[in-house]
Amino acid sequence: MEGKENEGMGSNFIRTIIEEDLKSGRTESVHTRFPPEPNGYLHIGHAKAIVINYETASEFGGVYNLRFDDTNPVKEEIEFEEAIKRDIKWLGYDWQHRLYYASDYFETLYEYAVELIKKGLAYVCDLSQDQVKELRGNLTEPGKESPFRNRSIEENLDLFKRMKNGEFDEGSRVLRAKIDMSSPNINMRDPVMYRILKKEHHRTGKKWVIYPSYDFTHGQSDSLEKITHSLCDISFENHRPLYEWFIDKLGIYPSRQIEFARLNLTYTITSKRFLKRLVDEETVEGWDDPRMPTIIGMRRRGVPAGAIREFMKSVGVSKKESLIDIDNFEYCVRDYLKKSSPQVMAVKEPLVLNIVNYPEDESENIETDTLPSNPGTAIRKIPFSKYLYVERSDYTDKDDPDFFRLRPGNFVKLRKSYIVRCLSATKDDSGNITEIQCEYIPGSLNMMKVDGKKIKGIIHWVSKDHSDECILRLYDRLFNAENPLRAKDADFKELLNKNSVRVIKGCRIESSVIKSTSPEDRYQFIRNGYFCADMKEFSPANPVFNMTISLK
RNA sequence: AGGGGCAUGGCCAAGCGGUAAGGCACCAGGUUUUGGUCCUGGCAUGCGGAGGUUCGAAUCCUUCUGCCCCUGCCA
């Protein structure tokens with residue numbers, strides 16, 4: 001079975017804060033949310049945010065929302081929404097009826113903006129984008145006030161209404177919060193609340209030509225949904241004063257934002273922008289390429305959702321910038337797979353093994369457990385006959401005392417089958433081995449010793465006439481650099497592993513397997529690693545398996 | 001010469017004044033019909049540095065240092 005999953009996120013600073021909030025009475029329950037922008041596919045970094053938000057709520061008996069942060073019609077698409085919902089569900093989380101859209105709040109947000117104008121806390125600014133930038137100042141110099149900052153409330157109200165009515169050109173005016181142009185926090189230097197964007201929105205259509213900015217949307221959306229704890233990544237830390245400013249000035253429900261460090265993994269990229277480049281430049285086959293750290297890519301690769309969840313729980317939550325060794329992730333994948341995967345035999349690079357003393361036309365069936373972790377629950381029969389396929393790499397004629405497998409003179413155990421003694425090998429004109437000859441020891445089916453000596457070499461095999469051809473796709477890391485985006489002055493594409501995929505055709509697999517396999521079924525191919533029937537391309541006519549991960 | 005944040009073993013990470021959890025990695029043994037798994041043992045006289053408070057400090061105070069983030073009408 002799949003074993004017990006750890007409950008909750010373990011001890012961390014967010015839990016401590018929530019416990020204090022509960023104790024002080026600031027809140028009586030916990031309600032979180034995951035707020036993706038539907039402009040791309042979810043990746044392993046998003047999975048961290050999902051797991052943290054959702055597991056934390058569950059841990060405290062609370063609930064969580066899914067909210068699409070769709071405030072920018074030029075970047076967002078319905079296609080991504082569907083993919084995001086699919087991925088979150090696959091990860092094992094159910095937001096039930098709590099699906100929201102920031103765009104559902106456009107009307108309310110507009111009213112909020114009017115309210116702030118009336119309070120003298122927002123104004124329409126006619127400066128060009130460049131002028132706004134110029135007056136904003138920089139990290140060490142304070143900004144200067146816009147000449148439009150002190151317009152009358154009436155004029156602001158009128159102008160803002162006309163912005164909404166489409167009377168002005170795109171980019172000609174914005175609505176800004178009147179905060180403090182000399183604030184050391186640049187986000188507080190009269191940030192933009194609304195911009196004119198004459199683009200059709202995928203949900204609201206042509207209704208709006210002005211759209212609220214992230215800062216003027218996020219906190220209020222949290223507030224409207226009564227989100228108690230808004231858990232986001234650390235890049236929003238500098239925005240928290242603004243988040244709180246809008247909530248405070250509007251006098252609405254005070255959601256609390258808490259930031260945690262993003263996930264970084266060695267040899268992988270967790271940046272939507274760079275992943276998009278890999279897709280656009282056709283470095284990979286798409287967002288669902290099994291080498292991609294996207295949720296869908298990993299799923300197609302064969303990574304179980306439970307392994308991703310377990311990984312997120314195991315690495316913990318903190319505010320420290322970290323680069324987690326990919327070994328931690330791979331451990332979780334193997335740990336999950338070894339408990340749950342059926343084990344069958346498949347030969348990657350087949351070489352014929354001829355058992356010289358076994359009758360030509362005979363065969364026999366050997367019964368064995370398919371789920372060794374649950375003995376007796378799944379028994380299958382493996383056909384054995386005179387001609388088998390074994391792994392080419394399991395034979396050598398070189399003199400190597402540490403090589404325990406097929407070598408002339410060696411005794412070797414054919415897993416679950418007979419003990420065999422390697423006799424010889426035949427080669428073709430160019431010196432390639434074409435067949436190995438062995439003799440088997442009748443009656444050695446359950447034996448592991450010869451002449452009282454334990455056999456050290458155990459190999460997998462498949463019967464030549466009782467096996468099917470299949471395709472194996474072997475994957476390796478996409479990047480050679482430990483930290484691709486930090487690699488000194490190198491284009492990250494130069495850091496690509498040229499051999500990140502190897503497709504092997506003509507592999508052989510036990511004949512019972514393919515006919516009972518569906519896309520996404522996972523196996524351990526004994527001694528070869530964990531494999532998953534490709535979710536897009538697998539069929540009995542095209543039996544392609546993706547290597548999820550090697551055995552260690 | 002601005003503001004915000006972070007510093008505990010190779011990588012994560014607990015700890016919240018009482019004498020350094022745990023996981024990964026690694027090393028050494030044992031088991032094993034996968035050179036896998038599993039089991040056992042090892043792995044920080046030390047918590048970025050320096051001072052100080054205290055019977056006692058990773059935890060409190062002072063100071064220094066290093067790294068990350070912030071100048072989109074992106075989110």
# chains A, B, ... in the order shown; residues from 1 in each chain; ligands from 1
>>> select_by_dssp(residues="region 331-535 of chain A", states="alpha helix (DSSP H)", output="PyMOL selection string")
chain A and resi 331-340+511-514
>>> residues_around(residues="region 13-26 of chain B", least_positions_apart="4", cutoff="7 Å", atoms="only C-alpha atoms (C1' of nucleotides)", output="list in words")
Ser314, Gly316, Asp327 and Asn328 of chain A; G56, A57 and U59 of chain B
>>> closest_atom_pairs(of="chain B", to="chain A", cutoff="12 Å", atoms="only C-alpha atoms (C1' of nucleotides)", output="tab-separated table")
residue	atom	partner	partner_atom	distance
B:A1	C1'	A:Thr140	CA	8.2
B:G2	C1'	A:Thr140	CA	4.3
B:G3	C1'	A:Pro184	CA	4.8
B:G4	C1'	A:Asn238	CA	6.0
B:G5	C1'	A:Lys319	CA	8.0
B:C6	C1'	A:Lys320	CA	5.3
B:A7	C1'	A:Lys320	CA	8.2
B:G10	C1'	A:Asp325	CA	9.9
B:C11	C1'	A:Asp325	CA	5.3
B:C12	C1'	A:Val315	CA	5.6
B:A13	C1'	A:Gly316	CA	6.7
B:A14	C1'	A:Ser11	CA	7.2
B:G15	C1'	A:Ser11	CA	10.1
B:C16	C1'	A:Thr16	CA	10.7
B:A21	C1'	A:Ser11	CA	11.3
B:G22	C1'	A:Ser314	CA	9.7
B:G23	C1'	A:Ser314	CA	6.8
B:C24	C1'	A:Asn328	CA	5.0
B:A25	C1'	A:Asp327	CA	7.6
B:U32	C1'	A:Lys456	CA	11.0
B:U33	C1'	A:Arg415	CA	5.6
B:U34	C1'	A:Arg527	CA	5.0
B:G35	C1'	A:Gly457	CA	8.4
B:G36	C1'	A:Leu551	CA	6.0
B:U37	C1'	A:Lys338	CA	8.0
B:C38	C1'	A:Ser373	CA	11.7
B:C67	C1'	A:Glu321	CA	9.0
B:C68	C1'	A:Glu321	CA	7.0
B:C69	C1'	A:Ser235	CA	6.6
B:C70	C1'	A:Asn238	CA	6.7
B:U71	C1'	A:Asn138	CA	4.7
B:G72	C1'	A:Lys133	CA	9.6
B:C73	C1'	A:Arg195	CA	5.2
B:C74	C1'	A:Asn72	CA	8.1
B:A75	C1'	A:Tyr214	CA	6.2
>>> residues_around(residues="region 418-432 of chain A", least_positions_apart="2", cutoff="7 Å", atoms="only C-alpha atoms (C1' of nucleotides)", output="list in words")
Leu406, Arg407, Pro408, Gly409, Asn410, Phe411, Val412, Lys413, Leu414, Thr434, Glu435, Ile436, Gln437, Cys438, Glu439, Tyr440, Ile441, Ser444 and Leu445 of chain A
>>> write_last_selection(atoms="N, CA, C and O atoms", output="mmCIF file, in the first residue's frame")
data_model
loop_
_atom_site.group_PDB
_atom_site.id
_atom_site.type_symbol
_atom_site.label_atom_id
_atom_site.label_comp_id
_atom_site.auth_asym_id
_atom_site.auth_seq_id
_atom_site.Cartn_x
_atom_site.Cartn_y
_atom_site.Cartn_z
ATOM 1 N N LEU A 406 27.109 -12.622 -15.269
ATOM 2 C CA LEU A 406 27.497 -13.595 -16.280
ATOM 3 C C LEU A 406 28.923 -13.387 -16.790
ATOM 4 O O LEU A 406 29.243 -12.353 -17.380
ATOM 5 N N ARG A 407 29.721 -14.393 -16.549
ATOM 6 C CA ARG A 407 31.092 -14.412 -17.050
ATOM 7 C C ARG A 407 31.428 -15.896 -17.149
ATOM 8 O O ARG A 407 31.056 -16.665 -16.255
ATOM 9 N N PRO A 408 32.043 -16.318 -18.209
ATOM 10 C CA PRO A 408 32.320 -17.752 -18.360
ATOM 11 C C PRO A 408 32.860 -18.349 -17.068
ATOM 12 O O PRO A 408 33.826 -17.846 -16.500
ATOM 13 N N GLY A 409 32.157 -19.398 -16.596
ATOM 14 C CA GLY A 409 32.573 -20.040 -15.353
ATOM 15 C C GLY A 409 31.746 -19.648 -14.151
ATOM 16 O O GLY A 409 31.637 -20.398 -13.190
ATOM 17 N N ASN A 410 31.144 -18.471 -14.194
ATOM 18 C CA ASN A 410 30.360 -17.976 -13.043
ATOM 19 C C ASN A 410 29.007 -18.667 -12.897
ATOM 20 O O ASN A 410 28.355 -18.978 -13.876
ATOM 21 N N PHE A 411 28.618 -18.840 -11.631
ATOM 22 C CA PHE A 411 27.246 -19.257 -11.363
ATOM 23 C C PHE A 411 26.416 -18.008 -11.087
ATOM 24 O O PHE A 411 26.858 -17.118 -10.359
ATOM 25 N N VAL A 412 25.256 -17.964 -11.675
ATOM 26 C CA VAL A 412 24.406 -16.774 -11.519
ATOM 27 C C VAL A 412 22.988 -17.219 -11.260
ATOM 28 O O VAL A 412 22.525 -18.223 -11.786
ATOM 29 N N LYS A 413 22.281 -16.486 -10.430
ATOM 30 C CA LYS A 413 20.872 -16.787 -10.176
ATOM 31 C C LYS A 413 19.999 -15.973 -11.119
ATOM 32 O O LYS A 413 20.115 -14.745 -11.175
ATOM 33 N N LEU A 414 19.134 -16.654 -11.854
ATOM 34 C CA LEU A 414 18.139 -15.934 -12.639
ATOM 35 C C LEU A 414 17.007 -15.667 -11.652
ATOM 36 O O LEU A 414 16.410 -16.595 -11.120
ATOM 37 N N THR A 434 26.508 -11.960 -29.647
ATOM 38 C CA THR A 434 25.158 -12.201 -30.168
ATOM 39 C C THR A 434 24.368 -13.186 -29.326
ATOM 40 O O THR A 434 23.144 -13.207 -29.367
ATOM 41 N N GLU A 435 25.045 -14.018 -28.603
ATOM 42 C CA GLU A 435 24.347 -14.977 -27.754
ATOM 43 C C GLU A 435 25.262 -15.453 -26.647
ATOM 44 O O GLU A 435 26.472 -15.570 -26.822
ATOM 45 N N ILE A 436 24.631 -15.726 -25.501
ATOM 46 C CA ILE A 436 25.387 -16.289 -24.382
ATOM 47 C C ILE A 436 24.889 -17.711 -24.180
ATOM 48 O O ILE A 436 23.691 -17.974 -24.292
ATOM 49 N N GLN A 437 25.792 -18.596 -23.900
ATOM 50 C CA GLN A 437 25.379 -19.961 -23.595
ATOM 51 C C GLN A 437 25.590 -20.261 -22.107
ATOM 52 O O GLN A 437 26.616 -19.905 -21.539
ATOM 53 N N CYS A 438 24.575 -20.905 -21.549
ATOM 54 C CA CYS A 438 24.649 -21.281 -20.137
ATOM 55 C C CYS A 438 24.082 -22.678 -19.978
ATOM 56 O O CYS A 438 23.360 -23.172 -20.847
ATOM 57 N N GLU A 439 24.393 -23.295 -18.848
ATOM 58 C CA GLU A 439 23.664 -24.525 -18.507
ATOM 59 C C GLU A 439 22.968 -24.273 -17.188
ATOM 60 O O GLU A 439 23.479 -23.576 -16.322
ATOM 61 N N TYR A 440 21.750 -24.803 -17.065
ATOM 62 C CA TYR A 440 21.028 -24.565 -15.826
ATOM 63 C C TYR A 440 21.117 -25.773 -14.934
ATOM 64 O O TYR A 440 21.427 -26.885 -15.387
ATOM 65 N N ILE A 441 20.897 -25.538 -13.660
ATOM 66 C CA ILE A 441 20.924 -26.632 -12.700
ATOM 67 C C ILE A 441 19.492 -27.040 -12.405
ATOM 68 O O ILE A 441 18.756 -26.311 -11.741
ATOM 69 N N SER A 444 17.026 -26.226 -9.169
ATOM 70 C CA SER A 444 17.600 -25.116 -8.402
ATOM 71 C C SER A 444 16.663 -23.916 -8.287
ATOM 72 O O SER A 444 17.087 -22.828 -7.909
ATOM 73 N N LEU A 445 15.396 -24.163 -8.604
ATOM 74 C CA LEU A 445 14.420 -23.070 -8.590
ATOM 75 C C LEU A 445 14.446 -22.232 -7.313
ATOM 76 O O LEU A 445 14.400 -21.011 -7.351
#
>>> atom_distance(atom1="CA of Glu115 (chain A)", atom2="CA of Ser152 (chain A)")
14.1 Å
>>> select_by_dssp(residues="region 107-320 of chain A", states="strand (DSSP E)", output="CSV table (one decimal) with N, CA and C atoms, in the first residue's frame")
chain,number,residue,atom,x,y,z
A,122,ALA,N,-6.7,58.8,-2.8
A,122,ALA,CA,-6.3,58.3,-4.1
A,122,ALA,C,-6.5,59.4,-5.1
A,123,TYR,N,-5.7,59.4,-6.2
A,123,TYR,CA,-5.9,60.4,-7.2
A,123,TYR,C,-5.5,59.9,-8.6
A,124,VAL,N,-6.1,60.6,-9.6
A,124,VAL,CA,-5.8,60.2,-11.0
A,124,VAL,C,-4.6,61.0,-11.4
A,125,CYS,N,-3.6,60.3,-11.9
A,125,CYS,CA,-2.4,60.9,-12.3
A,125,CYS,C,-2.2,60.8,-13.8
A,174,VAL,N,-3.5,56.9,-14.8
A,174,VAL,CA,-3.6,55.8,-13.8
A,174,VAL,C,-4.3,56.4,-12.5
A,175,LEU,N,-4.8,55.5,-11.7
A,175,LEU,CA,-5.3,55.9,-10.4
A,175,LEU,C,-4.2,55.5,-9.4
A,176,ARG,N,-3.8,56.4,-8.6
A,176,ARG,CA,-2.7,56.1,-7.6
A,176,ARG,C,-3.2,56.3,-6.2
A,177,ALA,N,-2.6,55.6,-5.3
A,177,ALA,CA,-2.9,55.8,-3.9
A,177,ALA,C,-2.0,56.9,-3.4
A,192,VAL,N,0.4,52.4,-8.1
A,192,VAL,CA,-0.7,52.4,-9.0
A,192,VAL,C,-1.8,51.5,-8.5
A,193,MET,N,-3.0,51.9,-8.6
A,193,MET,CA,-4.2,51.1,-8.2
A,193,MET,C,-4.9,50.6,-9.4
A,194,TYR,N,-5.0,51.5,-10.4
A,194,TYR,CA,-5.8,51.1,-11.6
A,194,TYR,C,-5.0,51.6,-12.9
A,195,ARG,N,-5.0,50.8,-13.9
A,195,ARG,CA,-4.4,51.2,-15.2
A,195,ARG,C,-5.5,51.0,-16.3
A,196,ILE,N,-5.3,51.8,-17.4
A,196,ILE,CA,-6.2,51.6,-18.5
A,196,ILE,C,-5.7,50.5,-19.4
A,210,ILE,N,-10.5,49.4,-17.5
A,210,ILE,CA,-9.5,49.7,-16.5
A,210,ILE,C,-9.4,48.4,-15.6
A,211,TYR,N,-8.2,48.1,-15.2
A,211,TYR,CA,-8.0,46.9,-14.4
A,211,TYR,C,-7.2,47.2,-13.1
A,212,PRO,N,-7.6,46.7,-12.0
A,212,PRO,CA,-6.8,46.9,-10.8
A,212,PRO,C,-5.5,46.2,-10.8
A,229,HIS,N,-5.3,33.8,7.2
A,229,HIS,CA,-3.8,33.9,7.0
A,229,HIS,C,-3.5,33.7,5.5
A,230,SER,N,-2.9,34.7,5.0
A,230,SER,CA,-2.6,34.7,3.6
A,230,SER,C,-1.1,34.4,3.4
A,231,LEU,N,-0.8,33.1,3.1
A,231,LEU,CA,0.6,32.6,3.1
A,231,LEU,C,1.1,32.7,1.7
A,232,CYS,N,2.2,33.6,1.6
A,232,CYS,CA,2.7,33.8,0.2
A,232,CYS,C,4.2,33.8,0.3
A,233,ASP,N,4.9,33.8,-0.8
A,233,ASP,CA,6.3,33.8,-0.8
A,233,ASP,C,6.9,35.1,-0.5
A,256,ARG,N,-4.3,38.5,7.4
A,256,ARG,CA,-2.9,38.6,7.8
A,256,ARG,C,-2.0,37.9,6.8
A,257,GLN,N,-1.1,38.7,6.2
A,257,GLN,CA,-0.1,38.1,5.3
A,257,GLN,C,1.1,37.6,6.0
A,258,ILE,N,1.5,36.4,5.7
A,258,ILE,CA,2.8,35.8,6.2
A,258,ILE,C,3.6,35.3,5.1
A,259,GLU,N,4.8,35.6,5.0
A,259,GLU,CA,5.7,35.2,3.9
A,259,GLU,C,6.6,34.1,4.3
A,260,PHE,N,6.9,33.2,3.4
A,260,PHE,CA,7.8,32.1,3.6
A,260,PHE,C,8.8,32.0,2.4
>>> closest_residue(among="A:Gly120, A:Pro401, A:Pro442, A:Pro342", to="Glu154 (chain A)", atoms="only C-alpha atoms")
A:Gly120
>>> residues_around(residues="Tyr523 (chain A)", least_positions_apart="4", cutoff="9 Å", atoms="only C-alpha atoms (C1' of nucleotides)", output="list in words")
Leu337, Ser340, Ser341, Pro342, Gln343, Val344, Gly529, Tyr530, Phe531, Cys532 and Ala533 of chain A
>>> write_last_selection(atoms="C-alpha atoms", output="CSV table (one decimal), in the first residue's frame")
chain,number,residue,atom,x,y,z
A,337,LEU,CA,7.4,4.2,-5.1
A,340,SER,CA,3.5,1.1,-3.9
A,341,SER,CA,4.8,-0.1,-7.2
A,342,PRO,CA,4.3,-3.6,-8.6
A,343,GLN,CA,7.6,-5.2,-9.5
A,344,VAL,CA,8.1,-6.9,-12.9
A,529,GLY,CA,14.3,1.6,-11.8
A,530,TYR,CA,10.8,2.9,-11.5
A,531,PHE,CA,8.8,3.4,-14.7
A,532,CYS,CA,5.5,4.9,-15.6
A,533,ALA,CA,3.3,4.2,-18.7
>>> atom_distance(atom1="CA of Gly45 (chain A)", atom2="CA of Asn264 (chain A)")
7.4 Å
>>> atom_distance(atom1="CA of Thr204 (chain A)", atom2="CA of Tyr100 (chain A)")
13.6 Å
>>> closest_residue(among="A:Arg300, A:Lys348, A:His31, A:Lys381", to="Thr56 (chain A)", atoms="only C-alpha atoms")
A:His31
